[in-house]
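> Okay, here's the structure, questions in a sec.
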Amino acid sequence: MSRDTFTHAATPMKPAQRKTSPLALMAGGMTLMGVTLFATSTLAATDSIAADTYAPGAGTSAEAVSQFAAVTLSEAHQQLANRLQQLAQHTQAFCSAKGDITLETLKQDWRSAMLGLNQVNWVEMGPILQNSRQWQLYFWPDKKDLVARKTRALLAGDAPITVESLAEQSIVMQGLGSVEYQLFDARYADSPLTADSRRCELMTANTAYAANTGKTLHDEWQQFAPQLAEGTGAFSDPRDAVLSLVRAMTVQLEAIKDRKLRRPIGLDNGGTANPYAAESWRGGMGLANIGATLAMMETIWLGNDEVAGIHGYLNQQVDPRMVASTTGDFADARDAFATLPTDLAALLRDDPRNGELQQAMIHIETLQAGFADTLNPALGLSLGFNSTDGD
């Protein structure tokens, strides 16, 4: 698998006093295993932000931060659209037996698209929330294994499968979940995708549909981004735009903690791990997906050499020690996930009480608690319904 590189801005020094997670006692005595994490990239080199986008010293104003976030997320939406388009084009080429596209190329394209999706789908605002677009692109949690059941049912039929007919199917069929099932499920290990198979017909329609959805999402984000940048429309002012990003981070960190980690690890089920509850368990991307989200959040939190990010703005709004603590928590979480493999499900099958996984869980808990219990109250923020929840 190809590996992207993500470069973080310099992290301020953390204060000596740190918060303690309730998992610390459980993880403290465990042996650490040396494994390698798939380093996630927020933006490809071709997508880098122009150095002159912001005036030097724009620093910590809400306007500078909201503009930085709007540009950064716009480029991430463009990257996702590009990756989905590449997956669709490569699938078409593979299934028409043209060129040298291999099955492994399609798997790598799918992984790349999932990383791109996880860089934008945490943003609890704007187009990603319209028309169930999150689930159109990837239906999860899928507690009843609907993706597999409905994919098998459609493959068993004989009606032509097109992008148009897929639009009439259940939403669980329309995104990367069905593609994952067809590329990675064990039932197809001895019957690889071939150009003359009905699976190729569905894969071609699936990936084209996802590419269309990605393009629509990008186009609509381009319309929404000026509102985020200027603090208009959906926002009362630039400060409201910045605090909406803080709220979105808080909501997603809770989702990562509860649904993406605690549930599969078994912390809410008497300690019995359930690898099949992990996100992207077939494609082996449960931990890589989390890493991609954290990397994008940390980018917007830290900013760059021109804009001090959310943390720079909040230094003027709350006790700077709170901000420094959260900055340190981001770094701790990033470092913890850097020791882990991409595949949470495989890790849980092999070593459900893995010490490094427990440490990563502790750091996610600490980061989430810093947002929910410290920053949000200090900023006067309250949380409502979490629309990312697939329960």
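Here's how to read the names in the structure tokens: chain A, B, ... by the order shown, residue numbers from 1 in each chain, ligand numbers from 1 in the order shown.
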Any chance you could list, as a CSV table (one decimal) with N, CA and C atoms, in the first residue's frame, the residues in segment 140-256 of chain A that come up alpha helix (DSSP H) when DSSP is run on the backbone?


chain,number,residue,atom,x,y,z
A,146,LEU,N,-26.2,-4.9,6.5
A,146,LEU,CA,-27.1,-4.6,5.4
A,146,LEU,C,-26.3,-4.5,4.1
A,147,VAL,N,-25.1,-3.9,4.1
A,147,VAL,CA,-24.3,-3.7,2.9
A,147,VAL,C,-24.1,-5.1,2.2
A,148,ALA,N,-23.7,-6.1,3.0
A,148,ALA,CA,-23.4,-7.4,2.4
A,148,ALA,C,-24.7,-8.0,1.9
A,149,ARG,N,-25.7,-8.0,2.7
A,149,ARG,CA,-27.0,-8.7,2.4
A,149,ARG,C,-27.6,-8.1,1.1
A,150,LYS,N,-27.6,-6.8,1.0
A,150,LYS,CA,-28.2,-6.1,-0.2
A,150,LYS,C,-27.3,-6.2,-1.4
A,151,THR,N,-26.0,-6.2,-1.2
A,151,THR,CA,-25.1,-6.4,-2.3
A,151,THR,C,-25.3,-7.8,-2.9
A,152,ARG,N,-25.3,-8.8,-2.1
A,152,ARG,CA,-25.5,-10.2,-2.5
A,152,ARG,C,-26.9,-10.3,-3.3
A,153,ALA,N,-27.9,-9.7,-2.7
A,153,ALA,CA,-29.2,-9.8,-3.3
A,153,ALA,C,-29.2,-9.1,-4.7
A,154,LEU,N,-28.5,-8.0,-4.9
A,154,LEU,CA,-28.5,-7.3,-6.2
A,154,LEU,C,-27.7,-8.1,-7.2
A,155,LEU,N,-26.6,-8.7,-6.7
A,155,LEU,CA,-25.8,-9.5,-7.6
A,155,LEU,C,-26.5,-10.8,-8.0
A,156,ALA,N,-27.4,-11.3,-7.2
A,156,ALA,CA,-28.1,-12.5,-7.6
A,156,ALA,C,-29.2,-12.3,-8.6
A,163,VAL,N,-25.7,3.4,-13.1
A,163,VAL,CA,-25.7,4.5,-12.1
A,163,VAL,C,-27.1,4.9,-11.8
A,164,GLU,N,-27.9,4.9,-12.9
A,164,GLU,CA,-29.3,5.4,-12.7
A,164,GLU,C,-30.1,4.4,-11.9
A,165,SER,N,-30.0,3.1,-12.1
A,165,SER,CA,-30.7,2.1,-11.4
A,165,SER,C,-30.2,2.0,-9.9
A,166,LEU,N,-28.9,2.3,-9.7
A,166,LEU,CA,-28.4,2.3,-8.4
A,166,LEU,C,-29.0,3.4,-7.5
A,176,LEU,N,-19.0,3.6,-0.8
A,176,LEU,CA,-17.8,2.8,-0.7
A,176,LEU,C,-18.0,1.5,0.1
A,177,GLY,N,-19.1,1.4,0.8
A,177,GLY,CA,-19.3,0.2,1.6
A,177,GLY,C,-19.5,-1.1,0.7
A,178,SER,N,-20.3,-0.9,-0.3
A,178,SER,CA,-20.6,-2.0,-1.2
A,178,SER,C,-19.3,-2.3,-2.0
A,179,VAL,N,-18.5,-1.3,-2.4
A,179,VAL,CA,-17.3,-1.5,-3.1
A,179,VAL,C,-16.3,-2.3,-2.2
A,180,GLU,N,-16.3,-1.9,-0.9
A,180,GLU,CA,-15.4,-2.6,0.1
A,180,GLU,C,-15.8,-4.1,0.1
A,181,TYR,N,-17.1,-4.4,0.2
A,181,TYR,CA,-17.5,-5.8,0.3
A,181,TYR,C,-17.1,-6.6,-0.9
A,182,GLN,N,-17.2,-6.0,-2.1
A,182,GLN,CA,-16.8,-6.7,-3.3
A,182,GLN,C,-15.3,-6.9,-3.5
A,183,LEU,N,-14.6,-5.9,-3.0
A,183,LEU,CA,-13.1,-6.0,-3.1
A,183,LEU,C,-12.4,-6.9,-2.1
A,184,PHE,N,-13.0,-6.9,-0.8
A,184,PHE,CA,-12.3,-7.5,0.3
A,184,PHE,C,-12.9,-8.6,1.0
A,198,ARG,N,-20.8,-10.1,-13.2
A,198,ARG,CA,-21.8,-9.2,-12.7
A,198,ARG,C,-21.3,-8.2,-11.6
A,199,ARG,N,-20.3,-8.7,-10.9
A,199,ARG,CA,-19.7,-7.9,-9.9
A,199,ARG,C,-19.1,-6.7,-10.5
A,200,CYS,N,-18.5,-6.9,-11.7
A,200,CYS,CA,-17.8,-5.7,-12.4
A,200,CYS,C,-18.9,-4.7,-12.8
A,201,GLU,N,-20.1,-5.2,-13.2
A,201,GLU,CA,-21.2,-4.3,-13.5
A,201,GLU,C,-21.6,-3.5,-12.4
A,202,LEU,N,-21.7,-4.1,-11.2
A,202,LEU,CA,-22.1,-3.4,-10.0
A,202,LEU,C,-20.9,-2.5,-9.5
A,203,MET,N,-19.7,-3.0,-9.6
A,203,MET,CA,-18.6,-2.1,-9.2
A,203,MET,C,-18.4,-0.9,-10.0
A,204,THR,N,-18.6,-1.0,-11.3
A,204,THR,CA,-18.5,0.1,-12.2
A,204,THR,C,-19.6,1.1,-11.9
A,205,ALA,N,-20.8,0.7,-11.6
A,205,ALA,CA,-21.9,1.6,-11.3
A,205,ALA,C,-21.7,2.2,-9.9
A,206,ASN,N,-21.3,1.4,-8.9
A,206,ASN,CA,-21.0,1.8,-7.6
A,206,ASN,C,-20.0,3.0,-7.6
A,207,THR,N,-18.8,2.7,-8.2
A,207,THR,CA,-17.8,3.7,-8.1
A,207,THR,C,-18.1,5.0,-8.9
A,208,ALA,N,-18.8,4.8,-10.0
A,208,ALA,CA,-19.3,6.0,-10.8
A,208,ALA,C,-20.3,6.8,-10.0
A,209,TYR,N,-21.2,6.1,-9.3
A,209,TYR,CA,-22.1,6.8,-8.4
A,209,TYR,C,-21.4,7.6,-7.3
A,210,ALA,N,-20.4,6.9,-6.7
A,210,ALA,CA,-19.7,7.6,-5.6
A,210,ALA,C,-18.9,8.8,-6.1
A,211,ALA,N,-18.3,8.6,-7.3
A,211,ALA,CA,-17.6,9.8,-7.9
A,211,ALA,C,-18.5,10.9,-8.2
A,212,ASN,N,-19.8,10.7,-8.6
A,212,ASN,CA,-20.7,11.7,-8.9
A,212,ASN,C,-21.1,12.4,-7.5
A,213,THR,N,-21.3,11.6,-6.5
A,213,THR,CA,-21.6,12.1,-5.2
A,213,THR,C,-20.5,13.0,-4.6
A,214,GLY,N,-19.2,12.5,-4.8
A,214,GLY,CA,-18.1,13.3,-4.4
A,214,GLY,C,-18.0,14.6,-5.1
A,215,LYS,N,-18.3,14.6,-6.4
A,215,LYS,CA,-18.2,15.9,-7.2
A,215,LYS,C,-19.3,16.8,-6.7
A,216,THR,N,-20.5,16.3,-6.5
A,216,THR,CA,-21.6,17.1,-6.0
A,216,THR,C,-21.3,17.7,-4.6
A,217,LEU,N,-20.7,16.9,-3.7
A,217,LEU,CA,-20.3,17.4,-2.4
A,217,LEU,C,-19.3,18.5,-2.5
A,218,HIS,N,-18.3,18.3,-3.4
A,218,HIS,CA,-17.3,19.3,-3.6
A,218,HIS,C,-17.9,20.6,-4.2
A,219,ASP,N,-18.7,20.5,-5.2
A,219,ASP,CA,-19.4,21.7,-5.8
A,219,ASP,C,-20.2,22.4,-4.7
A,220,GLU,N,-20.9,21.7,-3.9
A,220,GLU,CA,-21.8,22.3,-2.9
A,220,GLU,C,-20.9,22.9,-1.8
A,221,TRP,N,-19.8,22.3,-1.5
A,221,TRP,CA,-18.9,22.9,-0.5
A,221,TRP,C,-18.3,24.2,-1.0
A,222,GLN,N,-18.0,24.3,-2.3
A,222,GLN,CA,-17.5,25.5,-2.8
A,222,GLN,C,-18.5,26.7,-2.6
A,223,GLN,N,-19.8,26.3,-2.6
A,223,GLN,CA,-20.8,27.3,-2.4
A,223,GLN,C,-20.9,27.7,-0.9
A,224,PHE,N,-20.6,26.7,-0.1
A,224,PHE,CA,-20.8,26.9,1.4
A,224,PHE,C,-19.5,27.5,2.0
A,225,ALA,N,-18.3,27.2,1.4
A,225,ALA,CA,-17.1,27.7,2.0
A,225,ALA,C,-17.0,29.2,2.3
A,226,PRO,N,-17.5,30.0,1.4
A,226,PRO,CA,-17.5,31.5,1.7
A,226,PRO,C,-18.2,31.8,3.0
A,227,GLN,N,-19.3,31.1,3.3
A,227,GLN,CA,-20.0,31.3,4.6
A,227,GLN,C,-19.1,31.0,5.8
A,228,LEU,N,-18.4,29.9,5.7
A,228,LEU,CA,-17.5,29.6,6.8
A,228,LEU,C,-16.4,30.6,6.9
A,229,ALA,N,-15.8,31.0,5.7
A,229,ALA,CA,-14.7,31.9,5.7
A,229,ALA,C,-15.1,33.3,6.3
A,230,GLU,N,-16.3,33.7,6.0
A,230,GLU,CA,-16.7,35.1,6.3
A,230,GLU,C,-17.5,35.1,7.6
A,238,PRO,N,-17.7,35.5,12.2
A,238,PRO,CA,-16.5,34.6,12.2
A,238,PRO,C,-16.3,33.9,13.5
A,239,ARG,N,-16.6,34.5,14.6
A,239,ARG,CA,-16.4,33.8,15.9
A,239,ARG,C,-17.3,32.5,15.9
A,240,ASP,N,-18.5,32.7,15.5
A,240,ASP,CA,-19.5,31.6,15.4
A,240,ASP,C,-19.0,30.5,14.5
A,241,ALA,N,-18.4,30.9,13.4
A,241,ALA,CA,-17.8,29.9,12.5
A,241,ALA,C,-16.7,29.1,13.1
A,242,VAL,N,-15.8,29.8,13.9
A,242,VAL,CA,-14.7,29.1,14.5
A,242,VAL,C,-15.3,28.2,15.6
A,243,LEU,N,-16.2,28.6,16.4
A,243,LEU,CA,-16.8,27.8,17.5
A,243,LEU,C,-17.6,26.7,16.9
A,244,SER,N,-18.1,26.8,15.7
A,244,SER,CA,-18.8,25.7,15.1
A,244,SER,C,-17.8,24.6,14.7
A,245,LEU,N,-16.6,24.9,14.4
A,245,LEU,CA,-15.6,23.9,14.1
A,245,LEU,C,-15.2,23.2,15.4
A,246,VAL,N,-15.1,24.0,16.5
A,246,VAL,CA,-14.8,23.4,17.8
A,246,VAL,C,-15.9,22.4,18.2
A,247,ARG,N,-17.1,22.8,18.0
A,247,ARG,CA,-18.3,21.9,18.2
A,247,ARG,C,-18.2,20.6,17.4
A,248,ALA,N,-17.9,20.8,16.1
A,248,ALA,CA,-17.8,19.6,15.2
A,248,ALA,C,-16.7,18.7,15.7
A,249,MET,N,-15.5,19.2,16.1
A,249,MET,CA,-14.5,18.4,16.6
A,249,MET,C,-14.9,17.6,17.9
A,250,THR,N,-15.6,18.3,18.7
A,250,THR,CA,-16.1,17.7,20.0
A,250,THR,C,-17.0,16.5,19.7
A,251,VAL,N,-18.0,16.7,18.8
A,251,VAL,CA,-18.9,15.7,18.4
A,251,VAL,C,-18.2,14.5,17.8
A,252,GLN,N,-17.3,14.7,16.9
A,252,GLN,CA,-16.6,13.6,16.2
A,252,GLN,C,-15.7,12.9,17.1
A,253,LEU,N,-15.0,13.6,18.0
A,253,LEU,CA,-14.1,12.9,19.0
A,253,LEU,C,-14.9,12.0,19.9
A,254,GLU,N,-16.1,12.4,20.2
A,254,GLU,CA,-17.0,11.5,21.0
A,254,GLU,C,-17.4,10.2,20.2
A,255,ALA,N,-17.7,10.5,18.9
A,255,ALA,CA,-18.0,9.3,18.0
A,255,ALA,C,-16.8,8.4,17.8

> May I ask for the distance between atom CA of Met322 of chain A and atom CA of Ala378 of chain A, given in Å to one decimal place?

9.3 Å

> Do you know which residues are at most 12 Å from Ala278 of chain A counting only C-alpha atoms, after dropping those on the same chain fewer than 4 positions away, and could you put them as a ChimeraX atom specification?

/A:140-143,256-266,273-274,282-290,342-349

> So, counting only C-alpha atoms, which residue among A:Ala336, A:Ala195, A:Val172, A:Leu383 is closest to Ile364 of chain A?

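Checking each of A:Ala336, A:Ala195, A:Val172, A:Leu383 against Ile364 of chain A, counting only C-alpha atoms, the winner is A:Ala336.
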
> May I ask which of the residues A:Gln130, A:Ser112, A:Gln317, A:Asn354 is the closest one to Leu87 of chain A, counting only C-alpha atoms?

A:Ser112

> Using Å and a single decimal, report how far atom CA of Leu103 of chain A sits from atom CA of Ala186 of chain A.

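Interatomic distance, atom CA of Ala186 of chain A to atom CA of Leu103 of chain A: 14.7 Å.
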
> Quick one: of A:Ile310, A:Ala113, A:Ala324, A:Ala93, who's nearest to Ala76 of chain A, counting only C-alpha atoms?

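Of A:Ile310, A:Ala113, A:Ala324, A:Ala93, the one nearest Ala76 of chain A is A:Ala113, counting only C-alpha atoms.
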
> How many Å lie between atom CA of Glu168 of chain A and atom CA of Phe139 of chain A, rounded to one decimal?

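About the pair atom CA of Glu168 of chain A and atom CA of Phe139 of chain A: they are 16.0 Å apart.
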